[in-house]
Every structure is written in structure tokens, then in C-alpha cells.
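Novice: What follows is query-v6.cif, mmCIF, C-alpha atoms.
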```cif
data_final
loop_
_atom_site.group_PDB
_atom_site.id
_atom_site.type_symbol
_atom_site.label_atom_id
_atom_site.label_comp_id
_atom_site.auth_asym_id
_atom_site.auth_seq_id
_atom_site.Cartn_x
_atom_site.Cartn_y
_atom_site.Cartn_z
ATOM 1 C CA MET A 1426 20.201 -3.160 -19.358
ATOM 2 C CA LEU A 1427 16.556 -4.307 -19.234
ATOM 3 C CA LYS A 1428 16.785 -5.740 -22.748
ATOM 4 C CA PHE A 1429 20.090 -7.362 -21.824
ATOM 5 C CA PHE A 1430 18.507 -8.889 -18.697
ATOM 6 C CA LEU A 1431 15.472 -10.266 -20.558
ATOM 7 C CA THR A 1432 17.690 -11.776 -23.250
ATOM 8 C CA ARG A 1433 19.824 -13.583 -20.671
ATOM 9 C CA VAL A 1434 16.747 -14.878 -18.818
ATOM 10 C CA ALA A 1435 15.220 -16.163 -22.060
ATOM 11 C CA THR A 1436 18.362 -18.143 -22.875
ATOM 12 C CA THR A 1437 18.595 -19.492 -19.311
ATOM 13 C CA VAL A 1438 15.240 -21.321 -19.313
ATOM 14 C CA PRO A 1439 15.963 -23.900 -22.087
ATOM 15 C CA VAL A 1440 19.444 -24.513 -20.696
ATOM 16 C CA LEU A 1441 17.920 -25.178 -17.274
ATOM 17 C CA LEU A 1442 15.470 -27.713 -18.710
ATOM 18 C CA LEU A 1443 18.213 -29.473 -20.656
ATOM 19 C CA VAL A 1444 20.545 -29.682 -17.659
ATOM 20 C CA THR A 1445 17.827 -30.970 -15.341
ATOM 21 C CA PHE A 1446 16.844 -33.661 -17.886
ATOM 22 C CA VAL A 1447 20.438 -34.865 -18.257
ATOM 23 C CA VAL A 1448 21.030 -34.885 -14.513
ATOM 24 C CA PHE A 1449 17.702 -36.640 -13.896
ATOM 25 C CA GLY A 1450 18.767 -39.443 -16.225
ATOM 26 C CA LEU A 1451 22.221 -39.710 -14.641
ATOM 27 C CA VAL A 1452 20.725 -39.984 -11.153
ATOM 28 C CA LEU A 1453 18.676 -42.970 -12.269
ATOM 29 C CA LEU A 1454 21.904 -44.648 -13.399
ATOM 30 C CA ILE A 1455 23.419 -44.592 -9.898
ATOM 31 C CA PRO A 1456 24.244 -48.223 -8.943
ATOM 32 C CA GLY A 1457 21.757 -49.886 -6.610
ATOM 33 C CA ASP A 1458 17.989 -50.148 -6.404
ATOM 34 C CA PRO A 1459 16.154 -48.119 -3.739
ATOM 35 C CA ALA A 1460 13.219 -50.518 -3.994
ATOM 36 C CA VAL A 1461 15.461 -53.339 -2.781
ATOM 37 C CA THR A 1462 16.695 -51.206 0.125
ATOM 38 C CA ILE A 1463 13.173 -50.222 1.152
ATOM 39 C CA ALA A 1464 11.748 -53.744 0.804
ATOM 40 C CA GLY A 1465 14.572 -55.204 2.861
ATOM 41 C CA PRO A 1466 17.151 -57.936 2.228
ATOM 42 C CA GLU A 1467 14.626 -60.719 2.839
ATOM 43 C CA ALA A 1468 12.049 -59.407 0.376
ATOM 44 C CA THR A 1469 10.893 -61.531 -2.530
ATOM 45 C CA VAL A 1470 11.018 -60.478 -6.168
ATOM 46 C CA GLU A 1471 7.285 -59.804 -6.098
ATOM 47 C CA GLN A 1472 7.610 -57.552 -3.046
ATOM 48 C CA VAL A 1473 10.436 -55.580 -4.655
ATOM 49 C CA ALA A 1474 8.375 -55.211 -7.831
ATOM 50 C CA ALA A 1475 5.441 -53.952 -5.778
ATOM 51 C CA VAL A 1476 7.648 -51.323 -4.127
ATOM 52 C CA ARG A 1477 8.994 -50.213 -7.503
ATOM 53 C CA GLU A 1478 5.448 -49.863 -8.831
ATOM 54 C CA ARG A 1479 4.347 -47.911 -5.749
ATOM 55 C CA LEU A 1480 7.263 -45.526 -6.123
ATOM 56 C CA GLY A 1481 6.753 -45.178 -9.859
ATOM 57 C CA LEU A 1482 10.250 -46.474 -10.634
ATOM 58 C CA ASP A 1483 8.907 -48.937 -13.201
ATOM 59 C CA ARG A 1484 7.713 -46.187 -15.529
ATOM 60 C CA PRO A 1485 9.753 -44.888 -18.515
ATOM 61 C CA MET A 1486 12.326 -42.231 -17.652
ATOM 62 C CA ILE A 1487 10.656 -39.537 -19.761
ATOM 63 C CA VAL A 1488 7.384 -40.060 -17.893
ATOM 64 C CA GLN A 1489 9.146 -39.890 -14.530
ATOM 65 C CA TYR A 1490 10.948 -36.694 -15.594
ATOM 66 C CA TRP A 1491 7.762 -35.038 -16.817
ATOM 67 C CA ASP A 1492 5.917 -35.769 -13.582
ATOM 68 C CA TRP A 1493 8.882 -34.558 -11.552
ATOM 69 C CA ILE A 1494 9.536 -31.312 -13.431
ATOM 70 C CA THR A 1495 5.851 -30.336 -13.540
ATOM 71 C CA SER A 1496 5.558 -30.957 -9.796
ATOM 72 C CA ALA A 1497 8.807 -29.056 -9.166
ATOM 73 C CA LEU A 1498 7.419 -26.006 -10.976
ATOM 74 C CA SER A 1499 4.659 -25.890 -8.368
ATOM 75 C CA GLY A 1500 7.147 -26.277 -5.495
ATOM 76 C CA ASP A 1501 6.570 -29.990 -4.914
ATOM 77 C CA LEU A 1502 9.901 -31.834 -5.086
ATOM 78 C CA GLY A 1503 8.473 -35.125 -3.896
ATOM 79 C CA THR A 1504 8.929 -37.105 -0.684
ATOM 80 C CA SER A 1505 12.000 -38.838 0.670
ATOM 81 C CA LEU A 1506 11.931 -42.582 0.112
ATOM 82 C CA PHE A 1507 13.366 -43.322 3.548
ATOM 83 C CA THR A 1508 12.348 -40.514 5.931
ATOM 84 C CA SER A 1509 8.959 -39.745 4.309
ATOM 85 C CA ARG A 1510 9.735 -36.040 4.759
ATOM 86 C CA PRO A 1511 8.963 -33.644 1.905
ATOM 87 C CA VAL A 1512 12.106 -33.023 -0.076
ATOM 88 C CA ALA A 1513 11.440 -29.286 -0.061
ATOM 89 C CA THR A 1514 11.428 -29.341 3.756
ATOM 90 C CA SER A 1515 14.748 -31.187 3.955
ATOM 91 C CA ILE A 1516 16.338 -28.795 1.467
ATOM 92 C CA GLY A 1517 14.769 -25.804 3.202
ATOM 93 C CA ASP A 1518 16.394 -26.841 6.480
ATOM 94 C CA GLY A 1519 19.886 -27.261 5.046
ATOM 95 C CA LEU A 1520 20.048 -24.699 2.232
ATOM 96 C CA PRO A 1521 20.120 -21.527 4.404
ATOM 97 C CA VAL A 1522 23.027 -22.959 6.392
ATOM 98 C CA THR A 1523 24.995 -23.810 3.242
ATOM 99 C CA LEU A 1524 24.234 -20.430 1.662
ATOM 100 C CA ALA A 1525 25.383 -18.694 4.848
ATOM 101 C CA LEU A 1526 28.600 -20.699 4.771
ATOM 102 C CA ALA A 1527 29.207 -20.087 1.059
ATOM 103 C CA GLY A 1528 28.340 -16.394 1.371
ATOM 104 C CA SER A 1529 30.689 -15.950 4.328
ATOM 105 C CA ALA A 1530 33.448 -17.746 2.434
ATOM 106 C CA LEU A 1531 32.909 -15.455 -0.566
ATOM 107 C CA VAL A 1532 33.135 -12.341 1.627
ATOM 108 C CA ILE A 1533 36.327 -13.622 3.259
ATOM 109 C CA SER A 1534 37.720 -14.404 -0.184
ATOM 110 C CA LEU A 1535 37.125 -10.831 -1.376
ATOM 111 C CA LEU A 1536 38.462 -9.274 1.824
ATOM 112 C CA ILE A 1537 41.713 -11.154 1.337
ATOM 113 C CA ALA A 1538 42.001 -11.060 -2.450
ATOM 114 C CA VAL A 1539 41.263 -7.414 -3.320
ATOM 115 C CA PRO A 1540 43.787 -5.668 -1.019
ATOM 116 C CA THR A 1541 46.388 -8.361 -1.709
ATOM 117 C CA ALA A 1542 46.014 -7.962 -5.473
ATOM 118 C CA ILE A 1543 46.174 -4.159 -5.328
ATOM 119 C CA VAL A 1544 49.290 -4.093 -3.146
ATOM 120 C CA SER A 1545 50.948 -6.806 -5.228
ATOM 121 C CA ALA A 1546 50.207 -5.007 -8.516
ATOM 122 C CA LEU A 1547 51.353 -1.616 -7.258
ATOM 123 C CA ARG A 1548 54.515 -3.134 -5.741
ATOM 124 C CA ARG A 1549 55.249 -5.396 -8.681
ATOM 125 C CA GLY A 1550 58.595 -7.177 -8.402
ATOM 126 C CA THR A 1551 59.125 -6.315 -4.727
ATOM 127 C CA TRP A 1552 59.228 -8.719 -1.778
ATOM 128 C CA LEU A 1553 55.543 -7.988 -1.111
ATOM 129 C CA ASP A 1554 54.684 -9.160 -4.615
ATOM 130 C CA ARG A 1555 56.754 -12.332 -4.222
ATOM 131 C CA ILE A 1556 55.120 -13.153 -0.888
ATOM 132 C CA SER A 1557 51.692 -12.633 -2.453
ATOM 133 C CA THR A 1558 52.560 -14.921 -5.374
ATOM 134 C CA ILE A 1559 53.838 -17.660 -3.059
ATOM 135 C CA GLY A 1560 50.768 -17.305 -0.835
ATOM 136 C CA SER A 1561 48.428 -17.572 -3.828
ATOM 137 C CA SER A 1562 50.158 -20.719 -5.040
ATOM 138 C CA LEU A 1563 49.909 -22.302 -1.593
ATOM 139 C CA GLY A 1564 46.254 -21.298 -1.241
ATOM 140 C CA ILE A 1565 45.376 -22.988 -4.525
ATOM 141 C CA ALA A 1566 47.485 -26.094 -3.864
ATOM 142 C CA LEU A 1567 46.438 -26.880 -0.287
ATOM 143 C CA PRO A 1568 43.393 -29.216 -0.127
ATOM 144 C CA SER A 1569 40.463 -27.838 1.830
ATOM 145 C CA PHE A 1570 40.011 -30.935 3.993
ATOM 146 C CA TRP A 1571 43.635 -30.735 5.220
ATOM 147 C CA LEU A 1572 43.372 -26.991 5.771
ATOM 148 C CA GLY A 1573 40.171 -27.443 7.767
ATOM 149 C CA LEU A 1574 41.733 -30.072 10.004
ATOM 150 C CA MET A 1575 44.749 -27.820 10.626
ATOM 151 C CA PHE A 1576 42.455 -24.940 11.570
ATOM 152 C CA VAL A 1577 40.603 -27.169 14.033
ATOM 153 C CA LEU A 1578 43.901 -28.354 15.537
ATOM 154 C CA LEU A 1579 45.307 -24.838 15.889
ATOM 155 C CA PHE A 1580 42.390 -22.529 16.683
ATOM 156 C CA SER A 1581 40.088 -24.979 18.477
ATOM 157 C CA LEU A 1582 42.107 -27.694 20.166
ATOM 158 C CA THR A 1583 45.382 -25.820 20.810
ATOM 159 C CA LEU A 1584 44.371 -22.189 21.325
ATOM 160 C CA GLY A 1585 40.709 -22.727 22.216
ATOM 161 C CA TRP A 1586 39.638 -19.552 20.430
ATOM 162 C CA LEU A 1587 36.866 -20.971 18.258
ATOM 163 C CA PRO A 1588 34.522 -23.982 18.430
ATOM 164 C CA ALA A 1589 35.539 -26.972 16.331
ATOM 165 C CA THR A 1590 32.069 -28.188 15.346
ATOM 166 C CA GLY A 1591 28.428 -27.186 15.435
ATOM 167 C CA TYR A 1592 26.283 -24.372 14.117
ATOM 168 C CA VAL A 1593 24.091 -21.690 15.685
ATOM 169 C CA PRO A 1594 21.493 -19.834 13.544
ATOM 170 C CA ILE A 1595 22.271 -16.150 13.191
ATOM 171 C CA GLU A 1596 18.793 -15.128 14.348
ATOM 172 C CA LYS A 1597 19.358 -16.862 17.698
ATOM 173 C CA ASP A 1598 22.818 -15.536 18.549
ATOM 174 C CA PRO A 1599 24.810 -13.522 15.972
ATOM 175 C CA ALA A 1600 28.022 -13.720 18.004
ATOM 176 C CA ALA A 1601 27.798 -17.499 18.388
ATOM 177 C CA TRP A 1602 26.929 -17.804 14.684
ATOM 178 C CA ALA A 1603 30.040 -15.833 13.723
ATOM 179 C CA SER A 1604 32.290 -17.920 15.982
ATOM 180 C CA HIS A 1605 30.953 -21.189 14.530
ATOM 181 C CA ILE A 1606 30.970 -20.088 10.885
ATOM 182 C CA LEU A 1607 34.421 -18.468 10.845
ATOM 183 C CA LEU A 1608 36.623 -21.573 10.572
ATOM 184 C CA PRO A 1609 34.613 -23.399 7.876
ATOM 185 C CA ALA A 1610 34.168 -20.162 5.919
ATOM 186 C CA LEU A 1611 37.891 -19.439 6.148
ATOM 187 C CA THR A 1612 38.632 -22.983 4.987
ATOM 188 C CA LEU A 1613 36.426 -22.517 1.932
ATOM 189 C CA GLY A 1614 37.458 -18.927 1.261
ATOM 190 C CA ILE A 1615 41.232 -19.290 1.174
ATOM 191 C CA ALA A 1616 41.388 -21.184 -2.122
ATOM 192 C CA GLY A 1617 38.991 -18.712 -3.706
ATOM 193 C CA ALA A 1618 40.984 -15.778 -2.347
ATOM 194 C CA ALA A 1619 44.195 -17.165 -3.833
ATOM 195 C CA GLU A 1620 42.695 -17.571 -7.306
ATOM 196 C CA SER A 1621 40.900 -14.210 -7.183
ATOM 197 C CA ALA A 1622 44.050 -12.388 -6.045
ATOM 198 C CA ARG A 1623 46.082 -13.930 -8.849
ATOM 199 C CA GLN A 1624 43.567 -13.005 -11.557
ATOM 200 C CA LEU A 1625 42.942 -9.496 -10.213
ATOM 201 C CA ARG A 1626 46.663 -8.765 -9.864
ATOM 202 C CA GLY A 1627 47.321 -9.580 -13.509
ATOM 203 C CA SER A 1628 44.331 -7.535 -14.630
ATOM 204 C CA ILE A 1629 45.349 -4.494 -12.562
ATOM 205 C CA ILE A 1630 48.882 -4.620 -13.968
ATOM 206 C CA GLY A 1631 47.465 -4.627 -17.491
ATOM 207 C CA VAL A 1632 45.095 -1.706 -16.813
ATOM 208 C CA LEU A 1633 47.833 0.367 -15.142
ATOM 209 C CA GLN A 1634 49.698 0.364 -18.458
ATOM 210 C CA GLN A 1635 46.772 1.888 -20.375
ATOM 211 C CA ASP A 1636 47.009 5.431 -21.741
ATOM 212 C CA TYR A 1637 43.968 6.752 -19.864
ATOM 213 C CA VAL A 1638 45.551 5.776 -16.527
ATOM 214 C CA ARG A 1639 48.727 7.662 -17.387
ATOM 215 C CA THR A 1640 46.574 10.618 -18.468
ATOM 216 C CA ALA A 1641 44.680 10.590 -15.171
ATOM 217 C CA ARG A 1642 47.939 10.599 -13.265
ATOM 218 C CA ALA A 1643 49.320 13.390 -15.460
ATOM 219 C CA LYS A 1644 46.283 15.495 -14.532
ATOM 220 C CA GLY A 1645 47.356 15.252 -10.921
ATOM 221 C CA LEU A 1646 44.700 12.848 -9.650
ATOM 222 C CA ARG A 1647 45.586 11.167 -6.395
ATOM 223 C CA GLY A 1648 46.647 7.524 -6.490
ATOM 224 C CA ARG A 1649 43.574 6.339 -4.574
ATOM 225 C CA MET A 1650 41.278 8.136 -7.003
ATOM 226 C CA VAL A 1651 43.036 6.605 -10.019
ATOM 227 C CA ILE A 1652 42.868 3.094 -8.560
ATOM 228 C CA GLY A 1653 39.321 3.338 -7.217
ATOM 229 C CA LYS A 1654 37.640 5.181 -10.080
ATOM 230 C CA HIS A 1655 39.594 4.277 -13.200
ATOM 231 C CA VAL A 1656 41.538 1.080 -12.610
ATOM 232 C CA MET A 1657 39.349 -1.188 -10.488
ATOM 233 C CA LYS A 1658 36.205 -0.982 -12.620
ATOM 234 C CA ASN A 1659 38.032 -2.087 -15.754
ATOM 235 C CA ALA A 1660 40.238 -4.597 -13.953
ATOM 236 C CA SER A 1661 37.311 -6.296 -12.220
ATOM 237 C CA VAL A 1662 36.009 -8.217 -15.252
ATOM 238 C CA PRO A 1663 38.305 -11.253 -14.718
ATOM 239 C CA LEU A 1664 37.461 -11.141 -11.009
ATOM 240 C CA VAL A 1665 33.752 -11.317 -11.798
ATOM 241 C CA THR A 1666 34.380 -14.412 -13.928
ATOM 242 C CA VAL A 1667 36.291 -16.093 -11.116
ATOM 243 C CA LEU A 1668 33.613 -15.215 -8.564
ATOM 244 C CA GLY A 1669 30.899 -16.669 -10.787
ATOM 245 C CA LEU A 1670 32.788 -19.946 -10.976
ATOM 246 C CA GLN A 1671 33.527 -19.877 -7.254
ATOM 247 C CA ILE A 1672 29.867 -19.719 -6.256
ATOM 248 C CA THR A 1673 29.236 -23.153 -7.744
ATOM 249 C CA ALA A 1674 32.549 -24.479 -6.432
ATOM 250 C CA LEU A 1675 31.714 -23.241 -2.930
ATOM 251 C CA LEU A 1676 28.480 -25.238 -2.907
ATOM 252 C CA GLY A 1677 30.394 -28.358 -3.917
ATOM 253 C CA GLY A 1678 33.199 -27.719 -1.445
ATOM 254 C CA ALA A 1679 30.683 -27.149 1.338
ATOM 255 C CA VAL A 1680 29.775 -30.860 1.241
ATOM 256 C CA LEU A 1681 33.224 -31.826 2.530
ATOM 257 C CA VAL A 1682 33.752 -28.852 4.822
ATOM 258 C CA GLU A 1683 30.370 -29.356 6.489
ATOM 259 C CA GLN A 1684 31.402 -32.906 7.360
ATOM 260 C CA ILE A 1685 34.659 -31.727 8.924
ATOM 261 C CA PHE A 1686 33.063 -29.027 11.073
ATOM 262 C CA GLY A 1687 29.751 -30.747 11.752
ATOM 263 C CA VAL A 1688 27.695 -28.028 10.030
ATOM 264 C CA PRO A 1689 24.106 -29.220 9.397
ATOM 265 C CA GLY A 1690 23.856 -27.848 5.884
ATOM 266 C CA LEU A 1691 22.811 -29.116 2.494
ATOM 267 C CA GLY A 1692 26.026 -31.115 2.202
ATOM 268 C CA GLN A 1693 24.986 -33.505 4.941
ATOM 269 C CA VAL A 1694 21.553 -33.917 3.362
ATOM 270 C CA ALA A 1695 23.181 -34.678 0.001
ATOM 271 C CA LEU A 1696 25.642 -37.163 1.486
ATOM 272 C CA ASN A 1697 22.892 -39.055 3.303
ATOM 273 C CA ALA A 1698 20.763 -39.109 0.157
ATOM 274 C CA VAL A 1699 23.577 -40.483 -1.994
ATOM 275 C CA THR A 1700 24.468 -43.100 0.625
ATOM 276 C CA THR A 1701 20.895 -44.419 0.780
ATOM 277 C CA ARG A 1702 20.175 -43.726 -2.924
ATOM 278 C CA ASP A 1703 17.243 -41.518 -1.996
ATOM 279 C CA ILE A 1704 16.421 -40.472 -5.561
ATOM 280 C CA PRO A 1705 13.854 -37.696 -4.870
ATOM 281 C CA VAL A 1706 16.222 -35.963 -2.427
ATOM 282 C CA ILE A 1707 19.168 -36.242 -4.818
ATOM 283 C CA GLN A 1708 17.098 -34.823 -7.673
ATOM 284 C CA GLY A 1709 15.840 -31.971 -5.511
ATOM 285 C CA ILE A 1710 19.352 -31.048 -4.382
ATOM 286 C CA VAL A 1711 20.646 -31.206 -7.949
ATOM 287 C CA LEU A 1712 17.818 -28.937 -9.100
ATOM 288 C CA VAL A 1713 18.676 -26.393 -6.403
ATOM 289 C CA ALA A 1714 22.381 -26.567 -7.302
ATOM 290 C CA VAL A 1715 21.579 -26.022 -10.977
ATOM 291 C CA LEU A 1716 19.349 -23.057 -10.135
ATOM 292 C CA VAL A 1717 22.096 -21.488 -8.021
ATOM 293 C CA ALA A 1718 24.651 -22.039 -10.802
ATOM 294 C CA MET A 1719 22.343 -20.546 -13.437
ATOM 295 C CA LEU A 1720 21.551 -17.581 -11.195
ATOM 296 C CA SER A 1721 25.244 -16.937 -10.560
ATOM 297 C CA ASN A 1722 25.928 -17.046 -14.306
ATOM 298 C CA LEU A 1723 23.073 -14.607 -14.873
ATOM 299 C CA LEU A 1724 24.500 -12.229 -12.262
ATOM 300 C CA VAL A 1725 27.927 -12.501 -13.895
ATOM 301 C CA ASP A 1726 26.445 -11.606 -17.292
ATOM 302 C CA LEU A 1727 24.596 -8.630 -15.836
ATOM 303 C CA THR A 1728 27.758 -7.453 -14.102
ATOM 304 C CA TYR A 1729 29.584 -7.728 -17.431
ATOM 305 C CA GLY A 1730 26.920 -5.519 -18.959
ATOM 306 C CA TYR A 1731 27.459 -2.916 -16.254
ATOM 307 C CA LEU A 1732 31.251 -2.972 -16.344
ATOM 308 C CA ASN A 1733 31.526 -3.207 -20.134
ATOM 309 C CA PRO A 1734 28.593 -1.689 -22.082
ATOM 310 C CA LYS A 1735 30.010 -3.193 -25.316
ATOM 311 C CA VAL A 1736 28.550 -6.614 -24.417
ATOM 312 C CA ARG A 1737 24.986 -5.272 -24.210
ATOM 313 C CA PRO A 1738 22.723 -5.898 -27.214
ATOM 314 C CA ARG A 1739 22.133 -2.947 -29.524
#
```
Show me, as C-alpha cells, the structure contained in the file I just sent.

Specialist:
Amino acid sequence: MLKFFLTRVATTVPVLLLVTFVVFGLVLLIPGDPAVTIAGPEATVEQVAAVRERLGLDRPMIVQYWDWITSALSGDLGTSLFTSRPVATSIGDGLPVTLALAGSALVISLLIAVPTAIVSALRRGTWLDRISTIGSSLGIALPSFWLGLMFVLLFSLTLGWLPATGYVPIEKDPAAWASHILLPALTLGIAGAAESARQLRGSIIGVLQQDYVRTARAKGLRGRMVIGKHVMKNASVPLVTVLGLQITALLGGAVLVEQIFGVPGLGQVALNAVTTRDIPVIQGIVLVAVLVAMLSNLLVDLTYGYLNPKVRPR
């Protein structure tokens, strides 16, 4: 496993550099000129040129990228063009909130998907299986922004059970944090739960038909032991793939959900940066998103190595 881990890390580094270079170039192609915005609408051409020179925007892209990536390796992501705050500080304020939201959504997704998939696979063809299939299709089809608004209307405005907006750090009040995070996490987690349940159900059905499962049952092992020890480990490989993809999707979906529920996470920071074309903030957020995506892929590969030793290098 150590050799497998080192091999995956070694292949991750060049991919990370390539992705950051491509994204850095694409960010510079966003329409608009931040120098014009900073200088003001009444600024002359000379004043705009002076701002561009001060910000280093007049240098070649490769030079800008080199300065940025070398500074990023030391933890310096630059300074916001409009707020003058360090980019690392802005990201550090919003990232824990977004990670808490995405992590809660992932937990909710698993809590819904795993039991649903097991029951549906074991009761294949029954009314429980049909209800699960219909529910999975609806969960995938319903847009998150509509689902979030319906949750606010039902649980906040009509029933008054949960707050509609806001966020409380978990270290201040765990109960208040849970009440504020539940609706946005449920909004994000339902689509992931639907996809995970569908993939896991099909995988469990396939594993249940294997000879070693029939042998385990013939030996007299209890159903829970067969499912927990023999079936789930081998059926979880597709689920791991889906979860790896969901981690990145949750970060992207959090941008919209945070706006609906007024959660002060990284999504709001990203939206403000894109609106004002704050290039250093956008680049910092993209770097963090790429790191999270690469880390999730690395965890997926390591989980593959644990679940299926055949993928490990010899």
C-alpha cells in the first residue's frame, strides 16, 4: 500500500501543475479588465496603464504564472484587488464553512443511499424496490435550487422547525450549527444519495449472484454477516467512484446552495470575485478546488487498493 500511495502521489504532482497552468490562463481570458474597474470609469488611458503595471497585468502570462505558483507554494496566494485582504485569509474564512456543508451533505447522502440500496437489492422486484427506483430518479432529476427553496418554504416558513438562512460555527454552538446546516446539507445530499443508491443497488445485485455468496449462505452464515462481510466490501467499488466524483460536485453545488440559504462559505467569496473580476481571489479559489479534487481522487485510488488488491503495483 505504501508503494501504491507513493506512485499515486508522484503522478498527482505534474497533473496538478498542468491543471493550474490551464486554469490560470483561462482566468485571464475572462471578459473585462480589472485595471479599468480599479481606476474608475473616468480614468484616462495612462492611468489605466499605470494600474495594470502596478498589478503586474502587463507582463507575459508565463511570467505571471511562475510568480503566482512559486508564491502559492509558500502559502502566499496574493492580495485581493478590491478589498486588499490576503487571498489566503478570504479563503480561510470561507473554506471551513463550505467543507462543513459538503461533508454534512456527503454524510447525509451515505445515510440515505446505503440502507436504501441494500433494501432495494434484497427486495428486488417488490414495491420497495420500485419506490426506491422512482425516488432515485426524482432525486437526480430535481434541481438543487428548486429543492432548496421548497425546503425553506416547508420547514422554515410553514412549519418553523429550522432557520431559513444564516450560519453558526460549530465551536460556538453545536446545536445551532446543526439546525442551520441541516437544510442546505440535505439539499446538496439528496442528489448524491439518489445516484449512490442507484449504483450501489446494481452492484449489490451483481455480487449476490456470485458463487462465494451462495457458498457462504450454504455454510449457514446469517444474512447480516453475508451482507456486511462478503457482499458490501466487493459491492462498494462503484460507490467509491461515485463518492469521489461527488466531492468535487458538492463544492460546485455549494456555490448556489450557499446563496439560497445565506451561508457565508467559499461560494459567496467565489461569486463576489467573479462579479468584480478579482483575479487573485479567483485563482486562489481555483487552486483550492483543484487541490480538493486531486485529494479526493487520491483517496479514491487508495480505497480501490484496499478493496481490490489487484490494482496495487507488484

Novice: Please evaluate the PyMOL selection byres ((chain A and resi 1624) around 12) against the structure above and give the resulting residues as JSON, numbers by chain.

Specialist: {"A": [1538, 1539, 1541, 1542, 1543, 1545, 1546, 1558, 1561, 1617, 1618, 1619, 1620, 1621, 1622, 1623, 1625, 1626, 1627, 1628, 1629, 1630, 1631, 1660, 1661, 1662, 1663, 1664, 1665, 1666, 1667, 1668]}

Novice: Once the PyMOL selection byres ((chain A and resi 1481) around 12) is applied to the coordinates I shared, what remains selected? I want it as JSON, numbers by chain.

Specialist: {"A": [1459, 1460, 1474, 1475, 1476, 1477, 1478, 1479, 1480, 1482, 1483, 1484, 1485, 1486, 1488, 1489, 1490, 1492, 1493, 1503, 1506, 1704, 1705]}

Novice: Write out as a PyMOL selection string each polymer residue whose atoms come within 8 Å of region 1706-1709 of chain A, counting only C-alpha atoms; drop sequence neighbours fewer than 5 positions from it.

Specialist: chain A and resi 1448-1449+1452+1502-1505+1512-1513+1516+1695+1698-1699

Novice: At what distance in Å, to one decimal, does CA of Ala1610 (chain A) lie from CA of Leu1587 (chain A)?

Specialist: 12.7 Å

Novice: What is the distance between CA of Asn1697 (chain A) and CA of Glu1683 (chain A), in Å to one decimal?

Specialist: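 That distance, rounded to one decimal, is 12.7 Å.
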
Novice: Name all residues at most 12 Å from Leu1567 (chain A) (count all atoms listed in the file; drop same-chain ones fewer than 6 positions away) and give them as a ChimeraX atom specification.

Specialist: /A:1560-1561,1573-1575,1612-1613,1615-1617,1619

Novice: Kindly give the distance, in Å, that separates CA of Thr1700 (chain A) and CA of Ala1718 (chain A), rounded to a single decimal.

Specialist: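 That distance, rounded to one decimal, is 24.0 Å.
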